[in-house]
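Containing mmCIF, C-alpha atoms and all ligand atoms: target.cif.
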```
data_start
#
loop_
_atom_site.label_atom_id
_atom_site.label_comp_id
_atom_site.auth_asym_id
_atom_site.auth_seq_id
_atom_site.Cartn_x
_atom_site.Cartn_y
_atom_site.Cartn_z
CA MET P 1 4.07 27.13 16.32
CA SER P 2 1.32 24.90 17.78
CA GLU P 3 1.20 21.38 19.15
CA ILE P 4 0.84 18.35 16.94
CA PRO P 5 -2.86 18.46 16.07
CA ASP P 6 -5.40 16.79 18.34
CA PHE P 7 -3.59 14.58 20.83
CA GLY P 8 -6.87 12.76 21.46
CA ARG P 9 -6.75 11.12 18.03
CA PRO P 10 -4.01 8.91 16.69
CA VAL P 11 -1.19 9.88 14.40
CA LEU P 12 -0.67 7.36 11.62
CA VAL P 13 2.86 6.57 10.43
CA THR P 14 3.06 4.43 7.30
CA GLY P 15 6.32 2.61 6.68
CA ALA P 16 6.86 2.43 10.45
CA SER P 17 9.03 -0.67 10.04
CA GLY P 18 11.33 1.23 7.65
CA TYR P 19 14.35 3.31 8.54
CA VAL P 20 12.77 6.76 8.59
CA GLY P 21 9.30 5.64 9.70
CA GLN P 22 10.68 3.95 12.81
CA GLN P 23 12.35 7.10 14.01
CA VAL P 24 9.36 9.29 13.21
CA ALA P 25 7.04 6.91 15.08
CA LEU P 26 9.37 6.83 18.11
CA ALA P 27 9.68 10.63 18.15
CA LEU P 28 5.90 11.04 18.07
CA ALA P 29 5.41 8.44 20.81
CA ALA P 30 8.02 10.25 22.92
CA GLU P 31 5.86 13.39 22.63
CA GLY P 32 2.88 11.51 24.06
CA CYS P 33 1.01 10.94 20.79
CA HIS P 34 -1.00 7.79 20.26
CA VAL P 35 0.88 6.38 17.28
CA ALA P 36 -0.38 3.72 14.89
CA GLY P 37 2.48 2.38 12.81
CA ILE P 38 1.76 0.61 9.53
CA PHE P 39 4.04 -2.14 8.27
CA LEU P 40 3.88 -4.56 5.36
CA SER P 41 6.19 -7.52 6.03
CA ARG P 42 8.27 -6.75 9.14
CA GLN P 43 6.58 -6.31 12.52
CA VAL P 44 9.39 -4.36 14.13
CA PRO P 45 8.56 -3.84 17.82
CA LEU P 46 8.62 -0.14 18.71
CA PRO P 47 7.90 0.93 22.30
CA LYS P 48 4.56 2.76 22.69
CA VAL P 49 3.70 2.34 18.99
CA ASP P 50 0.76 0.16 17.88
CA MET P 51 2.09 -1.72 14.87
CA VAL P 52 -0.64 -2.65 12.39
CA PRO P 53 -0.15 -4.71 9.21
CA VAL P 54 -1.77 -3.08 6.17
CA ASP P 55 -0.88 -3.47 2.51
CA LEU P 56 -1.43 0.04 1.18
CA ARG P 57 -1.67 -1.34 -2.38
CA ASP P 58 -5.04 -2.75 -1.34
CA GLU P 59 -7.54 0.07 -1.85
CA ALA P 60 -10.22 -1.45 0.40
CA ALA P 61 -7.70 -2.01 3.20
CA CYS P 62 -6.51 1.59 2.91
CA ARG P 63 -10.08 2.84 3.11
CA ARG P 64 -10.84 0.72 6.17
CA LEU P 65 -7.68 1.91 7.87
CA ILE P 66 -8.50 5.61 7.56
CA ARG P 67 -12.24 5.11 8.17
CA ASP P 68 -11.64 3.21 11.42
CA LEU P 69 -8.71 5.27 12.71
CA ARG P 70 -9.69 8.80 11.53
CA PRO P 71 -6.18 9.99 12.31
CA ALA P 72 -5.44 13.56 13.31
CA ALA P 73 -2.30 13.47 11.18
CA ILE P 74 -0.45 11.08 8.88
CA VAL P 75 3.25 10.75 8.12
CA HIS P 76 3.48 8.74 4.92
CA CYS P 77 6.88 7.03 4.82
CA ALA P 78 5.89 3.73 3.15
CA ALA P 79 7.49 3.24 -0.23
CA VAL P 80 9.36 0.85 -2.48
CA THR P 81 12.76 2.45 -2.07
CA SER P 82 15.23 0.24 -3.92
CA LEU P 83 16.35 2.02 -7.08
CA GLY P 84 17.39 -1.22 -8.78
CA PHE P 85 14.18 -3.05 -7.86
CA CYS P 86 12.02 -0.16 -9.10
CA GLN P 87 13.90 -0.12 -12.39
CA SER P 88 13.56 -3.86 -12.99
CA GLU P 89 9.98 -4.16 -11.59
CA PRO P 90 8.28 -0.92 -12.68
CA GLU P 91 4.74 -2.20 -12.10
CA SER P 92 5.57 -3.15 -8.51
CA ALA P 93 7.17 0.26 -8.04
CA ARG P 94 4.05 2.00 -9.36
CA ALA P 95 1.80 -0.10 -7.13
CA GLY P 96 3.83 0.55 -3.98
CA ASN P 97 4.68 4.20 -4.56
CA LEU P 98 1.99 5.69 -6.76
CA HIS P 99 -1.17 3.59 -6.36
CA ALA P 100 -0.71 3.16 -2.60
CA THR P 101 -0.39 6.95 -2.21
CA ARG P 102 -3.43 7.47 -4.43
CA PHE P 103 -5.51 5.07 -2.34
CA LEU P 104 -4.34 6.71 0.87
CA SER P 105 -5.19 10.18 -0.47
CA HIS P 106 -8.67 9.09 -1.57
CA ALA P 107 -9.35 7.62 1.87
CA VAL P 108 -8.11 10.79 3.57
CA LYS P 109 -10.42 12.93 1.41
CA GLU P 110 -13.34 10.72 2.39
CA PHE P 111 -12.76 10.08 6.09
CA ALA P 112 -10.16 12.51 7.47
CA PRO P 113 -10.16 15.55 5.18
CA SER P 114 -8.66 17.91 7.74
CA ALA P 115 -5.75 15.59 8.70
CA ARG P 116 -2.30 17.06 8.15
CA VAL P 117 -0.51 14.63 5.82
CA VAL P 118 3.27 14.88 5.61
CA ALA P 119 4.45 12.61 2.79
CA LEU P 120 8.10 11.75 2.30
CA SER P 121 9.40 12.22 -1.23
CA THR P 122 12.90 12.22 -2.61
CA ASP P 123 15.64 14.21 -4.34
CA MET P 124 15.36 11.54 -7.07
CA VAL P 125 12.40 13.46 -8.53
CA PHE P 126 15.11 15.61 -10.18
CA ASP P 127 17.36 14.74 -13.13
CA GLY P 128 20.64 15.82 -11.55
CA GLU P 129 21.59 18.27 -14.30
CA SER P 130 20.56 21.62 -12.71
CA ALA P 131 21.55 21.46 -9.05
CA PRO P 132 21.03 22.92 -6.56
CA TYR P 133 17.29 22.31 -6.66
CA ASP P 134 14.99 24.54 -4.65
CA GLU P 135 11.40 23.77 -3.70
CA GLN P 136 10.02 25.42 -6.84
CA ALA P 137 12.17 23.49 -9.30
CA ASN P 138 10.23 21.37 -11.79
CA THR P 139 10.46 17.63 -11.27
CA SER P 140 12.29 15.76 -14.01
CA PRO P 141 12.94 12.17 -12.90
CA ILE P 142 15.21 9.91 -14.94
CA ASN P 143 14.44 6.59 -13.25
CA VAL P 144 11.33 4.62 -12.31
CA TYR P 145 11.74 5.28 -8.58
CA GLY P 146 11.87 9.05 -9.19
CA GLU P 147 8.93 8.91 -11.63
CA THR P 148 6.67 7.02 -9.23
CA LYS P 149 7.55 9.35 -6.35
CA ALA P 150 7.00 12.48 -8.49
CA ASP P 151 3.61 11.16 -9.64
CA ALA P 152 2.66 10.26 -6.06
CA GLU P 153 3.40 13.84 -4.93
CA LYS P 154 0.47 15.10 -7.01
CA HIS P 155 -2.03 13.06 -4.99
CA ILE P 156 -0.73 14.46 -1.70
CA LEU P 157 -0.83 17.98 -3.09
CA SER P 158 -4.49 17.50 -4.05
CA LEU P 159 -5.37 17.18 -0.33
CA ASP P 160 -6.59 20.14 1.73
CA ASN P 161 -3.76 19.70 4.23
CA GLY P 162 -1.12 17.68 2.36
CA VAL P 163 2.56 18.55 2.51
CA ILE P 164 5.45 17.03 0.57
CA LEU P 165 8.80 16.68 2.33
CA ARG P 166 11.48 15.81 -0.22
CA SER P 167 14.38 14.19 1.56
CA ALA P 168 17.94 13.93 0.36
CA LEU P 169 19.82 10.66 0.87
CA VAL P 170 19.42 9.84 4.58
CA TYR P 171 22.26 8.84 6.91
CA GLY P 172 22.30 7.79 10.53
CA PRO P 173 23.13 4.90 12.84
CA PRO P 174 21.51 1.51 12.22
CA ALA P 175 17.91 1.13 13.43
CA ARG P 176 15.94 -2.06 14.14
CA GLU P 177 16.43 -4.25 11.04
CA ALA P 178 16.88 -1.08 8.98
CA HIS P 179 19.98 0.70 7.76
CA THR P 180 21.25 3.62 5.75
CA PHE P 181 24.07 3.48 3.21
CA LEU P 182 26.52 4.12 6.07
CA SER P 183 26.09 0.50 7.18
CA TRP P 184 27.10 -0.68 3.71
CA ILE P 185 30.36 1.23 4.16
CA HIS P 186 30.86 0.44 7.86
CA GLU P 187 30.43 -3.31 7.58
CA PRO P 188 33.18 -4.05 5.01
CA LEU P 189 35.58 -1.39 6.28
CA ARG P 190 35.42 -2.73 9.82
CA LYS P 191 36.56 -6.08 8.36
CA LYS P 192 39.21 -4.30 6.26
CA ARG P 193 37.38 -5.21 3.06
CA ALA P 194 36.72 -3.01 0.03
CA ALA P 195 33.65 -0.74 -0.21
CA THR P 196 32.84 0.71 -3.62
CA LEU P 197 31.49 4.27 -3.82
CA PHE P 198 30.53 6.52 -6.73
CA HIS P 199 32.92 9.42 -7.22
CA ASP P 200 30.64 11.09 -9.76
CA GLU P 201 27.36 11.32 -7.82
CA VAL P 202 26.78 14.38 -5.63
CA ARG P 203 24.23 14.41 -2.81
CA THR P 204 23.42 16.68 0.11
CA ALA P 205 22.84 13.78 2.50
CA VAL P 206 20.65 14.60 5.50
CA PHE P 207 21.11 13.39 9.09
CA VAL P 208 18.10 11.30 10.11
CA ASP P 209 17.57 13.34 13.31
CA ASP P 210 17.26 16.49 11.17
CA LEU P 211 14.78 14.77 8.88
CA VAL P 212 12.65 13.68 11.86
CA ALA P 213 12.83 17.24 13.22
CA ALA P 214 11.56 18.50 9.84
CA VAL P 215 8.62 16.10 9.98
CA MET P 216 7.77 17.23 13.51
CA LEU P 217 8.01 20.87 12.48
CA LEU P 218 5.65 20.32 9.53
CA LEU P 219 3.17 18.44 11.72
CA ARG P 220 3.14 21.28 14.25
CA ALA P 221 3.14 24.23 11.88
CA GLU P 222 -0.03 26.19 11.19
CA PRO P 223 -1.29 25.23 7.71
CA PRO P 224 1.66 26.47 5.67
CA ALA P 225 1.23 28.67 2.63
CA GLU P 226 3.64 26.39 0.78
CA SER P 227 3.16 22.65 0.28
CA VAL P 228 6.59 21.45 -0.84
CA PHE P 229 9.62 21.40 1.46
CA HIS P 230 13.17 20.10 1.09
CA ALA P 231 15.27 18.50 3.84
CA ALA P 232 18.95 18.11 2.99
CA GLY P 233 22.34 18.53 4.57
CA ALA P 234 24.38 21.69 4.08
CA GLU P 235 27.33 19.86 2.48
CA ALA P 236 27.22 18.80 -1.20
CA LEU P 237 29.60 15.82 -1.47
CA THR P 238 30.16 12.91 -3.80
CA ARG P 239 29.39 9.53 -2.30
CA MET P 240 33.14 8.92 -2.25
CA GLN P 241 33.82 12.17 -0.37
CA PHE P 242 31.05 11.31 2.07
CA GLY P 243 32.53 7.83 2.58
CA GLN P 244 35.97 9.32 3.24
CA THR P 245 34.56 11.75 5.81
CA PHE P 246 32.61 8.92 7.46
CA ALA P 247 35.62 6.57 7.50
CA SER P 248 37.83 9.28 9.08
CA ALA P 249 35.21 10.06 11.73
CA PHE P 250 34.91 6.36 12.59
CA ASP P 251 38.68 5.59 12.38
CA LEU P 252 38.05 3.09 9.59
CA PRO P 253 40.67 2.36 6.89
CA LEU P 254 40.35 4.91 4.08
CA ASP P 255 42.37 2.79 1.67
CA CYS P 256 39.53 0.22 1.53
CA LEU P 257 37.30 2.75 -0.27
CA VAL P 258 37.22 2.02 -4.00
CA PRO P 259 35.94 4.68 -6.44
CA ALA P 260 33.40 3.70 -9.10
CA LYS P 261 31.39 5.49 -11.77
CA ARG P 262 27.60 5.77 -11.75
CA ALA P 263 27.58 4.20 -15.20
CA GLU P 264 28.92 1.01 -13.60
CA ALA P 265 25.91 0.69 -11.24
CA PRO P 266 24.24 -2.74 -11.34
CA ASN P 267 20.65 -3.55 -12.47
CA GLY P 268 20.51 -0.82 -15.12
CA GLN P 269 20.12 1.86 -12.43
CA LEU P 270 19.89 5.35 -13.87
CA ARG P 271 21.50 7.60 -11.29
CA PRO P 272 21.31 11.42 -11.46
CA ARG P 273 24.68 13.20 -11.37
CA ASP P 274 24.10 15.97 -8.81
CA LEU P 275 21.02 16.06 -6.59
CA ALA P 276 22.06 18.85 -4.25
CA MET P 277 18.94 20.48 -2.80
CA SER P 278 18.44 23.78 -1.01
CA CYS P 279 16.04 23.89 1.94
CA GLN P 280 15.24 27.57 2.39
CA ARG P 281 11.58 27.02 3.23
CA LEU P 282 12.36 24.79 6.19
CA ILE P 283 15.21 27.04 7.31
CA ASP P 284 12.86 30.05 7.19
CA ALA P 285 10.51 28.04 9.42
CA GLY P 286 13.27 27.61 12.02
CA TRP P 287 14.70 24.21 10.99
CA GLN P 288 18.43 23.68 11.51
CA GLN P 289 20.93 21.40 9.77
CA THR P 290 23.41 19.59 11.98
CA PRO P 291 26.93 20.06 10.55
CA LEU P 292 28.24 16.80 9.09
CA GLY P 293 31.13 16.45 11.57
CA GLU P 294 28.80 16.82 14.55
CA ALA P 295 26.20 14.47 13.03
CA LEU P 296 28.84 11.78 12.43
CA ARG P 297 30.08 12.21 16.00
CA GLN P 298 26.55 11.54 17.23
CA CYS P 299 26.21 8.57 14.85
CA ARG P 300 29.39 7.07 16.23
CA GLU P 301 28.24 7.50 19.82
CA ARG P 302 24.97 5.71 19.08
CA TRP P 303 26.54 3.08 16.79
CA GLU P 304 28.65 1.73 19.56
CA ILE P 305 25.86 1.45 22.17
N1 LIG P 401 16.36 6.40 3.03
C1 LIG P 401 16.69 7.36 2.18
O1 LIG P 401 17.89 7.60 1.90
C2 LIG P 401 15.61 8.21 1.54
C3 LIG P 401 16.02 9.29 0.74
C4 LIG P 401 15.04 10.10 0.16
C5 LIG P 401 13.70 9.83 0.38
N2 LIG P 401 13.34 8.77 1.14
C6 LIG P 401 11.91 8.51 1.31
O2 LIG P 401 11.64 8.39 2.71
C7 LIG P 401 10.62 7.43 2.93
C8 LIG P 401 11.11 6.39 3.91
O3 LIG P 401 12.27 5.75 3.39
P1 LIG P 401 13.01 4.58 4.18
O4 LIG P 401 14.44 4.63 3.79
O5 LIG P 401 12.63 4.64 5.60
O6 LIG P 401 12.35 3.31 3.50
P2 LIG P 401 12.55 1.77 3.88
O7 LIG P 401 13.48 1.61 5.02
O8 LIG P 401 12.83 1.05 2.60
O9 LIG P 401 11.09 1.36 4.38
C9 LIG P 401 10.01 1.30 3.52
C10 LIG P 401 8.76 1.07 4.37
O10 LIG P 401 7.61 1.00 3.51
C11 LIG P 401 6.84 -0.13 3.89
N3 LIG P 401 6.05 -0.55 2.73
C12 LIG P 401 6.50 -0.80 1.47
N4 LIG P 401 5.46 -1.17 0.68
C13 LIG P 401 4.35 -1.12 1.46
C14 LIG P 401 2.97 -1.42 1.22
N5 LIG P 401 2.53 -1.83 0.02
N6 LIG P 401 2.10 -1.30 2.24
C15 LIG P 401 2.52 -0.91 3.47
N7 LIG P 401 3.81 -0.61 3.76
C16 LIG P 401 4.71 -0.74 2.76
C17 LIG P 401 7.86 -1.15 4.36
O11 LIG P 401 7.23 -2.15 5.14
P3 LIG P 401 7.94 -3.58 5.51
O12 LIG P 401 9.38 -3.27 5.79
O13 LIG P 401 7.20 -4.01 6.75
O14 LIG P 401 7.77 -4.49 4.37
C18 LIG P 401 8.78 -0.23 5.18
O15 LIG P 401 8.19 0.02 6.43
C19 LIG P 401 10.24 6.88 1.54
O16 LIG P 401 9.13 7.58 1.07
C20 LIG P 401 11.44 7.21 0.70
O17 LIG P 401 11.07 7.38 -0.66
C21 LIG P 401 14.26 7.95 1.74
#
```
Write the structure described by the file as structure tokens, please.
Amino acid sequence: MSEIPDFGRPVLVTGASGYVGQQVALALAAEGCHVAGIFLSRQVPLPKVDMVPVDLRDEAACRRLIRDLRPAAIVHCAAVTSLGFCQSEPESARAGNLHATRFLSHAVKEFAPSARVVALSTDMVFDGESAPYDEQANTSPINVYGETKADAEKHILSLDNGVILRSALVYGPPAREAHTFLSWIHEPLRKKRAATLFHDEVRTAVFVDDLVAAVMLLLRAEPPAESVFHAAGAEALTRMQFGQTFASAFDLPLDCLVPAKRAEAPNGQLRPRDLAMSCQRLIDAGWQQTPLGEALRQCRERWEI
């Protein structure tokens, strides 16, 4: 295991105003890296991170960014992540997920060909009918979000030093102007109002700290023989089961949780049934999954700060 490559040159984090990108940027800054964080619309202030506005859908802007910065490494977190929005605005989804990644990859090939690029992808590249999915499983997306992310993966994999990190659904405490689905349960339950959760959608949700640790591990690792990695939690649970575990851990009223079916999802969302993923490659590399109970205990501690 080596250090994050070349501390003298910056590490670029795209999507640094987003939930995952914020925490990756902060973790890198805490290690003493010079971090440039890219945002689109929200200039979230992060200590020791240079926040730079760049629209990655603009090919010329992408080129300038990589040409001028020549980063030692890139963590690509920027994406259009709303399932419903992607489904109703497929061209916008393609622009933000696929074309932006293509432009970034082209610029890396031209100006920073040796940079380690860790690009976040998703369990939604799978159809949900053959879980658990390992790193060699064929992608088979059933919605626009999953399609655009699966297509974007190919551009990262065409790089000399590109790595795909497919994340399961992420959970953790609220960040600056950014949340996970836990907030959408916490907020109503704390007011003793109903929160609706699918009882027929299985996920192996991953604790955000574990996901950040996976990114750091992939940045540090010697060029790996494999290029696709999965980060997921050890527990395969329906959203409803996850909500119940969360509510119990936070002493929130369980009877406010209302079960729903995926078929009732708004905006024509097509939601895979079971996206459980296995993560053997990361585990073999020394990565560890925090047990759900312990992760929720840590979330609660930080939630109340
Ligand atoms: N969160 C999850 O549960 C989850 C699960 C699986 C995979 N992932 C993947 O993990 C990554 C991070 O997800 P997240 O939840 O952190 O996303 P998020 O909170 O929705 O943040 C998305 C980020 O992308 C930026 N962005 C969007 N379009 C852009 C563009 N054209 N140019 C530059 N920046 C742009 C946004 O900037 P502004 O906010 O400034 O507009 C924001 O910083 C994504 O690749 C996602 O597919 C997430």
Leaving out Gln22 of chain P and any residue of its chain fewer than 4 positions from it, which residues lie within 10 Å of it when counting only C-alpha atoms, given as a compact mmCIF listing (two decimals) with C-alpha atoms, in the coordinates of the input?
```txt
# COMPACT_ATOMS: atom_id res chain seq x y z
CA VAL P 13 2.86 6.57 10.43
CA THR P 14 3.06 4.43 7.30
CA GLY P 15 6.32 2.61 6.68
CA ALA P 16 6.86 2.43 10.45
CA SER P 17 9.03 -0.67 10.04
CA GLY P 18 11.33 1.23 7.65
CA LEU P 26 9.37 6.83 18.11
CA ALA P 27 9.68 10.63 18.15
CA GLY P 37 2.48 2.38 12.81
CA VAL P 44 9.39 -4.36 14.13
CA PRO P 45 8.56 -3.84 17.82
CA LEU P 46 8.62 -0.14 18.71
CA VAL P 49 3.70 2.34 18.99
CA CYS P 77 6.88 7.03 4.82
CA ALA P 175 17.91 1.13 13.43
CA ARG P 176 15.94 -2.06 14.14
CA ALA P 178 16.88 -1.08 8.98
CA VAL P 212 12.65 13.68 11.86
```
Checklist line | Nearest-residue call for ligand LIG 401 (chain P), choices P:Gln289, P:Gln241, P:Ser248, P:Ser167, using all atoms listed in the file | finding: P:Ser167
Considering all atoms listed in the file, tabulate each residue of chain P that lies at most 8 Å from ligand LIG 401 (chain P) along with its nearest interatomic pair and the corresponding distance in Å to one decimal; arrange the rows by chain and ascending residue number and present them as JSON lines.
```
{"residue": "P:Thr14", "atom": "CA", "partner": "P:LIG401", "partner_atom": "N7", "distance": 6.2}
{"residue": "P:Gly15", "atom": "CA", "partner": "P:LIG401", "partner_atom": "O15", "distance": 3.2}
{"residue": "P:Ala16", "atom": "CA", "partner": "P:LIG401", "partner_atom": "O15", "distance": 4.9}
{"residue": "P:Ser17", "atom": "CA", "partner": "P:LIG401", "partner_atom": "O15", "distance": 3.8}
{"residue": "P:Gly18", "atom": "CA", "partner": "P:LIG401", "partner_atom": "O9", "distance": 3.3}
{"residue": "P:Tyr19", "atom": "CA", "partner": "P:LIG401", "partner_atom": "O5", "distance": 3.7}
{"residue": "P:Val20", "atom": "CA", "partner": "P:LIG401", "partner_atom": "O5", "distance": 3.7}
{"residue": "P:Gly21", "atom": "CA", "partner": "P:LIG401", "partner_atom": "O5", "distance": 5.4}
{"residue": "P:Gln22", "atom": "CA", "partner": "P:LIG401", "partner_atom": "O5", "distance": 7.5}
{"residue": "P:Ile38", "atom": "CA", "partner": "P:LIG401", "partner_atom": "N7", "distance": 6.2}
{"residue": "P:Phe39", "atom": "CA", "partner": "P:LIG401", "partner_atom": "O13", "distance": 4.0}
{"residue": "P:Leu40", "atom": "CA", "partner": "P:LIG401", "partner_atom": "O13", "distance": 3.6}
{"residue": "P:Ser41", "atom": "CA", "partner": "P:LIG401", "partner_atom": "O13", "distance": 3.7}
{"residue": "P:Arg42", "atom": "CA", "partner": "P:LIG401", "partner_atom": "O13", "distance": 3.8}
{"residue": "P:Gln43", "atom": "CA", "partner": "P:LIG401", "partner_atom": "O13", "distance": 6.2}
{"residue": "P:Val44", "atom": "CA", "partner": "P:LIG401", "partner_atom": "O13", "distance": 7.7}
{"residue": "P:Pro53", "atom": "CA", "partner": "P:LIG401", "partner_atom": "C15", "distance": 7.4}
{"residue": "P:Val54", "atom": "CA", "partner": "P:LIG401", "partner_atom": "C15", "distance": 5.5}
{"residue": "P:Asp55", "atom": "CA", "partner": "P:LIG401", "partner_atom": "N6", "distance": 3.7}
{"residue": "P:Leu56", "atom": "CA", "partner": "P:LIG401", "partner_atom": "N6", "distance": 3.9}
{"residue": "P:Arg57", "atom": "CA", "partner": "P:LIG401", "partner_atom": "N5", "distance": 4.9}
{"residue": "P:Asp58", "atom": "CA", "partner": "P:LIG401", "partner_atom": "N5", "distance": 7.7}
{"residue": "P:His76", "atom": "CA", "partner": "P:LIG401", "partner_atom": "O16", "distance": 6.9}
{"residue": "P:Cys77", "atom": "CA", "partner": "P:LIG401", "partner_atom": "C7", "distance": 4.2}
{"residue": "P:Ala78", "atom": "CA", "partner": "P:LIG401", "partner_atom": "O10", "distance": 3.2}
{"residue": "P:Ala79", "atom": "CA", "partner": "P:LIG401", "partner_atom": "O10", "distance": 4.4}
{"residue": "P:Val80", "atom": "CA", "partner": "P:LIG401", "partner_atom": "C12", "distance": 5.1}
{"residue": "P:Thr81", "atom": "CA", "partner": "P:LIG401", "partner_atom": "O8", "distance": 4.9}
{"residue": "P:Ser82", "atom": "CA", "partner": "P:LIG401", "partner_atom": "O8", "distance": 7.0}
{"residue": "P:Ala95", "atom": "CA", "partner": "P:LIG401", "partner_atom": "N5", "distance": 7.4}
{"residue": "P:Gly96", "atom": "CA", "partner": "P:LIG401", "partner_atom": "N5", "distance": 4.8}
{"residue": "P:Asn97", "atom": "CA", "partner": "P:LIG401", "partner_atom": "N4", "distance": 7.5}
{"residue": "P:Ala100", "atom": "CA", "partner": "P:LIG401", "partner_atom": "N5", "distance": 6.5}
{"residue": "P:Ala119", "atom": "CA", "partner": "P:LIG401", "partner_atom": "O16", "distance": 7.1}
{"residue": "P:Leu120", "atom": "CA", "partner": "P:LIG401", "partner_atom": "O16", "distance": 4.5}
{"residue": "P:Ser121", "atom": "CA", "partner": "P:LIG401", "partner_atom": "C6", "distance": 5.1}
{"residue": "P:Thr122", "atom": "CA", "partner": "P:LIG401", "partner_atom": "C5", "distance": 3.9}
{"residue": "P:Asp123", "atom": "CA", "partner": "P:LIG401", "partner_atom": "C4", "distance": 6.1}
{"residue": "P:Met124", "atom": "CA", "partner": "P:LIG401", "partner_atom": "C4", "distance": 7.4}
{"residue": "P:Lys149", "atom": "CA", "partner": "P:LIG401", "partner_atom": "O17", "distance": 7.0}
{"residue": "P:Arg166", "atom": "CA", "partner": "P:LIG401", "partner_atom": "C5", "distance": 6.4}
{"residue": "P:Ser167", "atom": "CA", "partner": "P:LIG401", "partner_atom": "C4", "distance": 4.4}
{"residue": "P:Ala168", "atom": "CA", "partner": "P:LIG401", "partner_atom": "C4", "distance": 4.8}
{"residue": "P:Leu169", "atom": "CA", "partner": "P:LIG401", "partner_atom": "O1", "distance": 3.8}
{"residue": "P:Val170", "atom": "CA", "partner": "P:LIG401", "partner_atom": "O1", "distance": 3.8}
{"residue": "P:Tyr171", "atom": "CA", "partner": "P:LIG401", "partner_atom": "O1", "distance": 6.8}
{"residue": "P:Ala178", "atom": "CA", "partner": "P:LIG401", "partner_atom": "O7", "distance": 5.9}
{"residue": "P:His179", "atom": "CA", "partner": "P:LIG401", "partner_atom": "O7", "distance": 7.1}
{"residue": "P:Thr180", "atom": "CA", "partner": "P:LIG401", "partner_atom": "N1", "distance": 6.2}
{"residue": "P:Phe181", "atom": "CA", "partner": "P:LIG401", "partner_atom": "O1", "distance": 7.5}
{"residue": "P:Ala205", "atom": "CA", "partner": "P:LIG401", "partner_atom": "O1", "distance": 7.9}
```
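The coordinates place atom CA of Pro90 of chain P at 8.2 Å from atom CA of Tyr145 of chain P.
Of the listed residues (P:Ser158, P:Val24, P:Leu104, P:Thr204), P:Val24 comes nearest to Met216 of chain P; the distances count all atoms listed in the file.
In terms of minimum interatomic distance to Leu296 of chain P, P:Leu182 ranks closest within P:Val228, P:Cys33, P:Leu182, P:Asp284, counting only C-alpha atoms.
Considering only C-alpha atoms, the residue among P:Ile66, P:Ile185, P:Val163, P:Ala260 positioned nearest to Glu222 of chain P is P:Val163.
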Checklist line | Close residues, His230 of chain P itself excluded, 8 Å, only C-alpha atoms, min 3 positions apart in chain, as a list in words | finding: Asp134, Glu135, Leu165, Arg166, Ser167, Ala168, Met277, Ser278, Cys279, Gln280, Arg281 and Leu282 of chain P
Note to self: Just checking: using only C-alpha atoms, which residue out of P:Asp160, P:Asp251, P:Glu147, P:Asp210 ends up closest to Arg190 of chain P?
What the structure shows: P:Asp251
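The list of residues with at least one atom within 12 Å of Leu157 of chain P, based on only C-alpha atoms and without residues fewer than 6 positions apart in the same chain, reads Thr101, Arg102, Ser105, His106, Lys109, Arg116, Val117, Val118, Ala119, Ser121, Ala150, Asp151, Val163, Ile164, Leu165, Glu226, Ser227, Val228 and Phe229 of chain P.
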Notebook entry, point to check: In terms of the shortest atom-to-atom distance over all atoms listed in the file, which of P:Ala265, P:Ala61, P:Leu12, P:Ile156 is closest to Ile74 of chain P?
Noted result: P:Leu12
Checklist line | Long-range neighbours of Trp287 of chain P as a VMD selection string, 8 Å cut-off, only C-alpha atoms, 5 positions minimum in chain | finding: chain P and resid 213 to 214 217 282
Item checked: Local residues around (16.1, -0.1, -11.7), at most 9 Å away, using all atoms listed in the file, as a PyMOL selection string -> chain P and resi 82-90+143-145+266-270
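Near Val258 of chain P, within 8 Å and counting all atoms listed in the file, sit Ala194, Ala195, Thr196 and Leu197 of chain P; same-chain residues fewer than 6 positions away were not included.
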